[in-house]
Amino acid sequence: MEKTLFALSLGFVGLILATHAGWAADQCAPRDKVVAALANGYGEARSGIGLNGEARVMEMFVNATTGTWTITVTLPDGTTCLIATGEHFEAVTDTLPAKGDPA
């Protein structure tokens, strides 16, 4: 089961990278321009941030009033690319079950 999930995840990553290569030029710009466009065009502000192992910064921008959201990735050279956008954002806080609890 784990090997199947691993293989599927690699396939999804490959699909994303292949798709990304085709539209990267239209979906990427210097970070300051992307952040300004999200703020001015959609009223979105950064609500989350993370760093992956390849020194890429993932950020999530949200407009809490309208519910729009955008996920970006910033590369080490400062180029920021749009990864996903959507509507109906809702902040949630889930608690983890206690260790050993099957729930």
# chains A, B, ... in the order shown; residues from 1 in each chain; ligands from 1
>>> residues_around(residues="stretch 37-40 of chain A", least_positions_apart="3", cutoff="10 Å", atoms="only C-alpha atoms", output="ChimeraX atom specification")
/A:31-34,43-46,61-63,69-70
>>> residues_around(residues="A:Glu54", least_positions_apart="5", cutoff="12 Å", atoms="only C-alpha atoms", output="ChimeraX atom specification")
/A:73-76
>>> atom_distance(atom1="atom CA of A:Met58", atom2="atom CA of A:Thr72")
5.7 Å
>>> closest_residue(among="A:Ser47, A:Thr80, A:Thr65, A:Thr93", to="A:Pro30", atoms="only C-alpha atoms")
A:Thr80
>>> atom_distance(atom1="atom CA of A:Ile83", atom2="atom CA of A:Tyr42")
15.9 Å
